[in-house]
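The file start35.cif comes next; it holds mmCIF, C-alpha atoms.
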```cif
data_start
loop_
_atom_site.label_atom_id
_atom_site.label_comp_id
_atom_site.auth_asym_id
_atom_site.auth_seq_id
_atom_site.Cartn_x
_atom_site.Cartn_y
_atom_site.Cartn_z
CA MET A 1 -7.70 11.15 -44.70
CA ALA A 2 -5.73 10.14 -41.55
CA VAL A 3 -5.36 6.48 -40.59
CA PRO A 4 -4.62 6.15 -36.82
CA LYS A 5 -1.67 4.04 -35.72
CA LYS A 6 -2.11 0.97 -33.52
CA GLU A 7 -2.74 2.02 -29.91
CA THR A 8 -0.07 1.35 -27.30
CA ILE A 9 0.14 1.68 -23.53
CA PRO A 10 2.16 4.93 -23.84
CA ASP A 11 -0.60 6.25 -26.13
CA LEU A 12 -3.19 5.59 -23.42
CA LEU A 13 -1.00 7.22 -20.77
CA LEU A 14 -0.49 10.36 -22.84
CA LYS A 15 -4.24 10.62 -23.47
CA SER A 16 -5.05 10.58 -19.77
CA ILE A 17 -2.07 12.11 -17.98
CA SER A 18 -0.95 15.65 -18.72
CA ARG A 19 2.68 16.73 -18.90
CA GLN A 20 1.93 19.19 -16.10
CA LEU A 21 0.85 16.37 -13.78
CA VAL A 22 3.93 14.29 -14.62
CA LEU A 23 6.23 17.24 -13.89
CA GLY A 24 4.29 17.94 -10.69
CA ILE A 25 4.80 14.35 -9.51
CA GLU A 26 8.50 14.54 -10.29
CA GLU A 27 8.86 17.69 -8.20
CA ALA A 28 6.73 16.19 -5.42
CA PHE A 29 8.99 13.15 -5.15
CA ILE A 30 12.14 15.26 -4.96
CA VAL A 31 10.72 17.69 -2.38
CA GLY A 32 9.22 14.89 -0.27
CA ALA A 33 12.48 12.95 -0.24
CA GLN A 34 14.47 16.04 0.73
CA ARG A 35 12.07 16.81 3.60
CA ALA A 36 12.29 13.22 4.81
CA PHE A 37 16.08 13.20 4.93
CA ALA A 38 16.19 16.61 6.62
CA ALA A 39 13.76 15.38 9.28
CA SER A 40 15.99 12.36 10.02
CA ARG A 41 19.01 14.40 11.03
CA GLY A 42 20.27 13.61 14.52
CA MET A 43 18.89 10.05 14.55
CA HIS A 44 21.20 7.21 15.58
CA ASP A 45 23.06 5.49 12.75
CA GLY A 46 21.83 2.11 14.02
CA HIS A 47 18.30 2.74 12.79
CA LEU A 48 18.78 5.73 10.48
CA SER A 49 18.01 3.83 7.27
CA HIS A 50 14.68 2.61 8.73
CA VAL A 51 13.81 6.08 9.96
CA VAL A 52 14.53 7.61 6.56
CA GLY A 53 12.44 4.92 4.84
CA HIS A 54 9.41 5.64 7.02
CA LEU A 55 9.80 9.39 6.71
CA ARG A 56 10.04 9.10 2.92
CA HIS A 57 6.72 7.27 2.86
CA PHE A 58 4.88 9.92 4.85
CA HIS A 59 6.49 13.03 3.38
CA MET A 60 6.25 11.77 -0.21
CA ASN A 61 2.65 10.69 0.36
CA GLU A 62 1.86 14.29 1.30
CA THR A 63 3.69 15.92 -1.58
CA PHE A 64 2.22 13.35 -4.02
CA HIS A 65 -1.27 14.15 -2.68
CA ASN A 66 -0.61 17.86 -3.23
CA ALA A 67 0.58 17.31 -6.80
CA LEU A 68 -2.54 15.29 -7.61
CA ALA A 69 -4.82 17.91 -6.07
CA ALA A 70 -3.10 20.76 -7.91
CA ASN A 71 -3.74 19.01 -11.23
CA ASN A 72 -7.36 17.94 -10.65
CA ALA A 73 -6.38 14.28 -10.29
CA ALA A 74 -8.85 13.47 -7.48
CA PRO A 75 -6.46 12.29 -4.74
CA THR A 76 -7.72 9.94 -2.04
CA PRO A 77 -7.55 11.32 1.52
CA ILE A 78 -4.33 11.12 3.53
CA GLN A 79 -5.10 8.61 6.24
CA GLY A 80 -2.56 6.76 8.33
CA ASN A 81 -0.41 4.35 6.37
CA VAL A 82 -2.86 4.05 3.46
CA ILE A 83 -1.29 4.77 0.07
CA VAL A 84 -2.58 7.82 -1.75
CA THR A 85 -3.92 7.37 -5.28
CA GLY A 86 -5.44 9.70 -7.86
CA ARG A 87 -7.55 9.36 -10.99
CA VAL A 88 -7.10 11.00 -14.40
CA GLY A 89 -8.80 9.75 -17.55
CA VAL A 90 -8.94 5.94 -17.43
CA PHE A 91 -5.94 5.67 -15.09
CA ASN A 92 -5.72 5.31 -11.36
CA VAL A 93 -2.37 6.85 -10.43
CA GLY A 94 -0.34 5.39 -7.57
CA ARG A 95 3.19 5.54 -6.23
CA PHE A 96 5.71 3.59 -4.23
CA ASN A 97 9.35 3.79 -3.16
CA ALA A 98 12.02 1.15 -3.67
CA LYS A 99 15.56 0.80 -2.31
CA ASP A 100 16.87 -0.58 -5.56
CA ARG A 101 15.89 -0.80 -9.21
CA LEU A 102 14.64 -4.38 -8.86
CA TRP A 103 11.58 -3.36 -6.83
CA ASN A 104 11.57 -6.70 -5.03
CA ASN A 105 9.12 -5.59 -2.34
CA ALA A 106 6.56 -3.97 -4.64
CA ARG A 107 3.99 -6.78 -4.21
CA ARG A 108 3.84 -6.43 -0.43
CA SER A 109 0.99 -3.96 -0.71
CA LYS A 110 -2.37 -5.72 -1.15
CA ARG A 111 -3.86 -2.45 -2.35
CA ARG A 112 -1.37 -2.18 -5.22
CA VAL A 113 -2.12 -5.75 -6.24
CA GLU A 114 -5.87 -5.06 -6.15
CA LEU A 115 -5.51 -1.94 -8.29
CA SER A 116 -3.42 -3.83 -10.84
CA MET A 117 -6.27 -6.24 -11.63
CA ALA A 118 -7.82 -3.52 -13.80
CA ASN A 119 -4.90 -3.83 -16.22
CA LYS A 120 -6.36 -7.03 -17.63
CA ALA A 121 -8.11 -4.69 -20.08
CA ILE A 122 -4.83 -3.35 -21.52
CA GLU A 123 -2.75 -6.53 -21.39
CA PRO A 124 -3.73 -7.41 -25.01
CA LEU A 125 -1.73 -4.39 -26.19
CA VAL A 126 1.43 -6.26 -25.17
CA GLN A 127 0.49 -9.85 -26.00
CA PRO A 128 -2.49 -9.74 -28.38
CA ALA A 129 -2.16 -13.34 -29.52
CA LEU A 130 -2.76 -14.71 -26.03
CA PHE A 131 -5.87 -12.77 -25.13
CA SER A 132 -9.28 -11.78 -26.42
CA GLU A 133 -9.86 -8.91 -28.81
CA TYR A 134 -8.78 -5.53 -27.43
CA ALA A 135 -11.32 -2.88 -26.50
CA GLU A 136 -10.32 0.53 -25.11
CA PRO A 137 -10.42 0.28 -21.30
CA THR A 138 -12.51 2.29 -18.89
CA GLU A 139 -10.06 1.72 -16.04
CA ALA A 140 -6.36 0.92 -15.61
CA VAL A 141 -3.53 1.71 -13.19
CA VAL A 142 -0.07 3.25 -13.48
CA PHE A 143 2.56 3.71 -10.78
CA PHE A 144 5.25 6.35 -10.43
CA VAL A 145 8.19 4.68 -8.71
CA ALA A 146 11.02 6.44 -6.86
CA SER A 147 14.11 4.26 -6.51
CA PHE A 148 16.73 5.10 -3.90
CA ALA A 149 20.28 3.87 -3.46
CA ASN A 150 20.77 0.90 -1.11
CA SER A 151 23.13 2.97 1.04
CA LEU A 152 22.48 6.38 2.60
CA ARG A 153 26.06 7.23 1.67
CA ILE A 154 24.89 7.56 -1.97
CA GLN A 155 22.46 10.35 -2.85
CA PRO A 156 20.42 10.00 0.37
CA ASP A 157 18.09 12.97 -0.11
CA THR A 158 16.71 12.38 -3.63
CA PRO A 159 15.65 9.41 -5.76
CA VAL A 160 18.30 7.83 -7.98
CA THR A 161 15.61 7.27 -10.60
CA ILE A 162 11.91 7.98 -11.05
CA GLU A 163 10.06 5.69 -13.44
CA VAL A 164 6.61 5.26 -14.94
CA ALA A 165 5.45 1.65 -14.60
CA VAL A 166 2.31 -0.22 -15.67
CA PRO A 167 2.03 -3.69 -14.08
CA ASP A 168 0.29 -6.76 -15.42
CA PRO A 169 -3.00 -7.77 -13.72
CA ASN A 170 -1.15 -10.00 -11.23
CA PHE A 171 1.52 -7.41 -10.39
CA ARG A 172 4.25 -9.88 -11.33
CA ARG A 173 5.77 -8.18 -14.39
CA TRP A 174 5.67 -4.85 -16.17
CA LEU A 175 3.63 -4.21 -19.29
CA PHE A 176 5.40 -0.86 -19.62
CA ARG A 177 8.30 0.66 -17.69
CA GLU A 178 10.27 3.78 -18.59
CA PRO A 179 12.42 6.43 -16.85
CA LEU A 180 10.46 9.61 -16.26
CA GLU A 181 12.83 11.84 -18.21
CA ARG A 182 12.37 9.65 -21.29
CA PHE A 183 8.60 9.45 -20.85
CA ILE A 184 8.32 13.25 -20.70
CA LEU A 185 9.93 13.49 -24.15
CA ARG A 186 6.94 11.62 -25.59
CA TYR A 187 4.81 14.75 -25.18
CA ASP A 188 6.97 16.47 -27.80
CA GLN A 189 6.76 13.70 -30.37
CA PRO A 190 4.37 14.28 -33.31
CA VAL A 191 1.39 11.99 -33.61
CA SER A 192 2.17 9.29 -36.15
CA VAL A 193 -0.60 9.20 -38.73
CA GLN A 194 -0.85 8.27 -42.35
CA ASN A 195 -2.26 11.16 -44.33
CA ASP A 196 -4.37 10.92 -47.45
CA LEU A 197 -2.07 12.54 -50.03
CA ALA A 198 -4.58 12.49 -52.89
CA ARG A 199 -5.05 15.92 -54.45
CA PRO A 200 -7.49 16.88 -57.21
CA LYS A 201 -5.72 17.84 -60.44
CA LEU A 202 -7.02 20.08 -63.20
CA LYS A 203 -6.70 18.98 -66.78
CA LYS A 204 -4.14 20.92 -68.75
CA ASN A 205 -4.65 22.81 -72.01
CA ILE A 206 -8.36 23.31 -71.54
CA ARG A 207 -9.40 26.30 -73.65
CA GLU A 208 -12.59 28.22 -73.37
CA LYS A 209 -14.85 27.95 -76.39
CA VAL A 210 -17.17 30.69 -77.59
CA THR A 211 -20.59 29.59 -78.82
CA LYS A 212 -22.52 31.28 -81.61
CA ASP A 213 -24.56 33.28 -79.09
CA GLY A 214 -21.36 34.65 -77.49
CA THR A 215 -21.42 32.64 -74.26
CA MET A 216 -18.41 30.75 -72.87
CA GLN A 217 -18.23 26.95 -72.65
#
```
Turn this file's structure into structure tokens for me.
Amino acid sequence: MAVPKKETIPDLLLKSISRQLVLGIEEAFIVGAQRAFAASRGMHDGHLSHVVGHLRHFHMNETFHNALAANNAAPTPIQGNVIVTGRVGVFNVGRFNAKDRLWNNARRSKRRVELSMANKAIEPLVQPALFSEYAEPTEAVVFFVASFANSLRIQPDTPVTIEVAVPDPNFRRWLFREPLERFILRYDQPVSVQNDLARPKLKKNIREKVTKDGTMQ
């Protein structure tokens, strides 16, 4: 009989988000960033970094939307400057770009902060002693984050890193954060369960006996 291991945030992510969607988002970020940089060519150096930043937002919003739609992740409509989100399993799936790995400006979006409130349900998986008893959530949020170099002289057309990040309910710290290439490897890891190794054993040296009427005992 199998005894399930203690649930973790990566466990919940793997239940809801398919490998195909994760790979689709990775490709979408790379393609969107490349389109953005190509579209910025010819712009004046004085405002090039700002132009590239804006173009990344719009192009990567479109490619992210397409990746969600292709994997039945219910993307919200593309509309102006509104961030696109999707939904798979219990997770709302969002994205944002950062110019460094510190993500200092991540809280500027009120919408991201609002979405993060749902993660109160999964916070006990990280600090169980400080919160009420854990119950499997019906809603949570995860962000895919593309980090770019601070200078356009360094890898200007693709993200330096792409990470999977689950914020706390106040969007002030990360309950889970992992590079995408490492997260993808989780799909190949066997499920850790404890199996019931008990096996019935037959008694040895049991001989058949013949009764007086010729039947076997």
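Each of A:Phe176, A:Gln79, A:Leu152, A:Asp100 was compared to Val51 of chain A using only C-alpha atoms, and A:Leu152 turns out to be the nearest.
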Let me know the centre plus edge lengths, in Å and rounded to one decimal, of a box with edges along x, y and z that contains all listed atoms of segment 143-153 of chain A and is padded by 4 Å on every side, as JSON.
```
{"center_x": 14.3, "center_y": 4.1, "center_z": -4.1, "size_x": 31.5, "size_y": 14.3, "size_z": 21.4}
```
Checklist line | Within 10 Å of segment 92-98 of chain A using only C-alpha atoms, minus same-chain residues under 4 positions, as a ChimeraX atom specification | finding: /A:16-17,25,29,53,56-57,60-61,64,68,73-75,83-88,102-106,109,112,115-116,118,139-150,159,161-166
Check: Between A:Leu175, A:Met43, A:Ala38, A:Val22, which has the minimum distance to Thr8 of chain A (counting all atoms listed in the file)?
Finding: A:Leu175
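Each of A:Thr138, A:Gln127, A:Gln155, A:Thr63 was checked against Ile78 of chain A using all atoms listed in the file; the smallest atom-to-atom distance is that of A:Thr63.
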Margin query: Can you tell me which residues surround Phe37 of chain A at a distance of at most 10 Å, considering only C-alpha atoms, apart from same-chain residues fewer than 2 positions away, and format the answer as a PyMOL selection string?
Written below: chain A and resi 32-35+39-41+48-49+51-53+55-56+59+152+156-158
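Across the model, the gap from atom CA of Ser18 of chain A to atom CA of Ala135 of chain A is 22.6 Å.
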Item checked: Given only C-alpha atoms as the counted atoms, nearest of A:Val90, A:Leu21, A:Arg172, A:Arg108 to Asn72 of chain A -> A:Leu21
Next item on the list: Measuring atom to atom with only C-alpha atoms, identify which of A:Arg101, A:Glu136, A:Val31, A:Lys6 is nearest to Val160 of chain A.
Entry: A:Arg101
Could you write segment 40-72 of chain A as an mmCIF file, in the frame of the given file, with N, CA and C atoms rebuilt where they are missing?
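And here is the file that came out, result-v4.cif:
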```cif
data_model
loop_
_atom_site.group_PDB
_atom_site.id
_atom_site.type_symbol
_atom_site.label_atom_id
_atom_site.label_comp_id
_atom_site.auth_asym_id
_atom_site.auth_seq_id
_atom_site.Cartn_x
_atom_site.Cartn_y
_atom_site.Cartn_z
ATOM 1 N N SER A 40 15.305 13.488 9.372
ATOM 2 C CA SER A 40 15.990 12.360 10.020
ATOM 3 C C SER A 40 17.301 12.757 10.684
ATOM 4 N N ARG A 41 17.714 13.981 10.487
ATOM 5 C CA ARG A 41 19.010 14.400 11.030
ATOM 6 C C ARG A 41 19.021 14.304 12.552
ATOM 7 N N GLY A 42 20.131 13.770 13.072
ATOM 8 C CA GLY A 42 20.270 13.610 14.520
ATOM 9 C C GLY A 42 19.879 12.229 15.010
ATOM 10 N N MET A 43 19.265 11.407 14.143
ATOM 11 C CA MET A 43 18.890 10.050 14.550
ATOM 12 C C MET A 43 20.126 9.145 14.588
ATOM 13 N N HIS A 44 20.075 8.128 15.412
ATOM 14 C CA HIS A 44 21.200 7.210 15.580
ATOM 15 C C HIS A 44 21.436 6.419 14.296
ATOM 16 N N ASP A 45 22.715 6.217 13.966
ATOM 17 C CA ASP A 45 23.060 5.490 12.750
ATOM 18 C C ASP A 45 22.506 4.068 12.736
ATOM 19 N N GLY A 46 22.295 3.487 13.940
ATOM 20 C CA GLY A 46 21.830 2.110 14.020
ATOM 21 C C GLY A 46 20.461 1.883 13.398
ATOM 22 N N HIS A 47 19.624 2.909 13.406
ATOM 23 C CA HIS A 47 18.300 2.740 12.790
ATOM 24 C C HIS A 47 17.977 3.851 11.786
ATOM 25 N N LEU A 48 19.008 4.583 11.375
ATOM 26 C CA LEU A 48 18.780 5.730 10.480
ATOM 27 C C LEU A 48 18.122 5.325 9.167
ATOM 28 N N SER A 49 18.576 4.217 8.569
ATOM 29 C CA SER A 49 18.010 3.830 7.270
ATOM 30 C C SER A 49 16.517 3.513 7.389
ATOM 31 N N HIS A 50 16.106 2.908 8.523
ATOM 32 C CA HIS A 50 14.680 2.610 8.730
ATOM 33 C C HIS A 50 13.892 3.886 8.961
ATOM 34 N N VAL A 51 14.465 4.802 9.713
ATOM 35 C CA VAL A 51 13.810 6.080 9.960
ATOM 36 C C VAL A 51 13.591 6.833 8.657
ATOM 37 N N VAL A 52 14.628 6.904 7.843
ATOM 38 C CA VAL A 52 14.530 7.610 6.560
ATOM 39 C C VAL A 52 13.476 6.962 5.674
ATOM 40 N N GLY A 53 13.438 5.621 5.646
ATOM 41 C CA GLY A 53 12.440 4.920 4.840
ATOM 42 C C GLY A 53 11.026 5.279 5.237
ATOM 43 N N HIS A 54 10.750 5.286 6.546
ATOM 44 C CA HIS A 54 9.410 5.640 7.020
ATOM 45 C C HIS A 54 9.081 7.099 6.718
ATOM 46 N N LEU A 55 10.038 7.971 6.967
ATOM 47 C CA LEU A 55 9.800 9.390 6.710
ATOM 48 C C LEU A 55 9.576 9.656 5.221
ATOM 49 N N ARG A 56 10.273 8.942 4.362
ATOM 50 C CA ARG A 56 10.040 9.100 2.920
ATOM 51 C C ARG A 56 8.599 8.750 2.575
ATOM 52 N N HIS A 57 8.100 7.668 3.159
ATOM 53 C CA HIS A 57 6.720 7.270 2.860
ATOM 54 C C HIS A 57 5.743 8.391 3.210
ATOM 55 N N PHE A 58 5.857 8.933 4.419
ATOM 56 C CA PHE A 58 4.880 9.920 4.850
ATOM 57 C C PHE A 58 5.048 11.263 4.145
ATOM 58 N N HIS A 59 6.277 11.741 4.034
ATOM 59 C CA HIS A 59 6.490 13.030 3.380
ATOM 60 C C HIS A 59 6.150 12.960 1.892
ATOM 61 N N MET A 60 6.535 11.878 1.221
ATOM 62 C CA MET A 60 6.250 11.770 -0.210
ATOM 63 C C MET A 60 4.785 11.487 -0.468
ATOM 64 N N ASN A 61 4.107 10.838 0.484
ATOM 65 C CA ASN A 61 2.650 10.690 0.360
ATOM 66 C C ASN A 61 1.983 12.064 0.351
ATOM 67 N N GLU A 62 2.446 12.953 1.223
ATOM 68 C CA GLU A 62 1.860 14.290 1.300
ATOM 69 C C GLU A 62 2.131 15.107 0.047
ATOM 70 N N THR A 63 3.376 15.113 -0.401
ATOM 71 C CA THR A 63 3.690 15.920 -1.580
ATOM 72 C C THR A 63 3.039 15.338 -2.836
ATOM 73 N N PHE A 64 2.925 14.002 -2.915
ATOM 74 C CA PHE A 64 2.220 13.350 -4.020
ATOM 75 C C PHE A 64 0.744 13.751 -4.013
ATOM 76 N N HIS A 65 0.136 13.732 -2.830
ATOM 77 C CA HIS A 65 -1.270 14.150 -2.680
ATOM 78 C C HIS A 65 -1.443 15.585 -3.182
ATOM 79 N N ASN A 66 -0.513 16.464 -2.819
ATOM 80 C CA ASN A 66 -0.610 17.860 -3.230
ATOM 81 C C ASN A 66 -0.487 18.019 -4.740
ATOM 82 N N ALA A 67 0.409 17.240 -5.349
ATOM 83 C CA ALA A 67 0.580 17.310 -6.800
ATOM 84 C C ALA A 67 -0.676 16.837 -7.518
ATOM 85 N N LEU A 68 -1.301 15.775 -7.019
ATOM 86 C CA LEU A 68 -2.540 15.290 -7.610
ATOM 87 C C LEU A 68 -3.653 16.332 -7.484
ATOM 88 N N ALA A 69 -3.771 16.911 -6.306
ATOM 89 C CA ALA A 69 -4.820 17.910 -6.070
ATOM 90 C C ALA A 69 -4.627 19.139 -6.949
ATOM 91 N N ALA A 70 -3.392 19.575 -7.115
ATOM 92 C CA ALA A 70 -3.100 20.760 -7.910
ATOM 93 C C ALA A 70 -3.412 20.563 -9.390
ATOM 94 N N ASN A 71 -3.494 19.302 -9.823
ATOM 95 C CA ASN A 71 -3.740 19.010 -11.230
ATOM 96 C C ASN A 71 -5.059 18.279 -11.455
ATOM 97 N N ASN A 72 -6.002 18.482 -10.523
ATOM 98 C CA ASN A 72 -7.360 17.940 -10.650
ATOM 99 C C ASN A 72 -7.362 16.429 -10.877
#
```
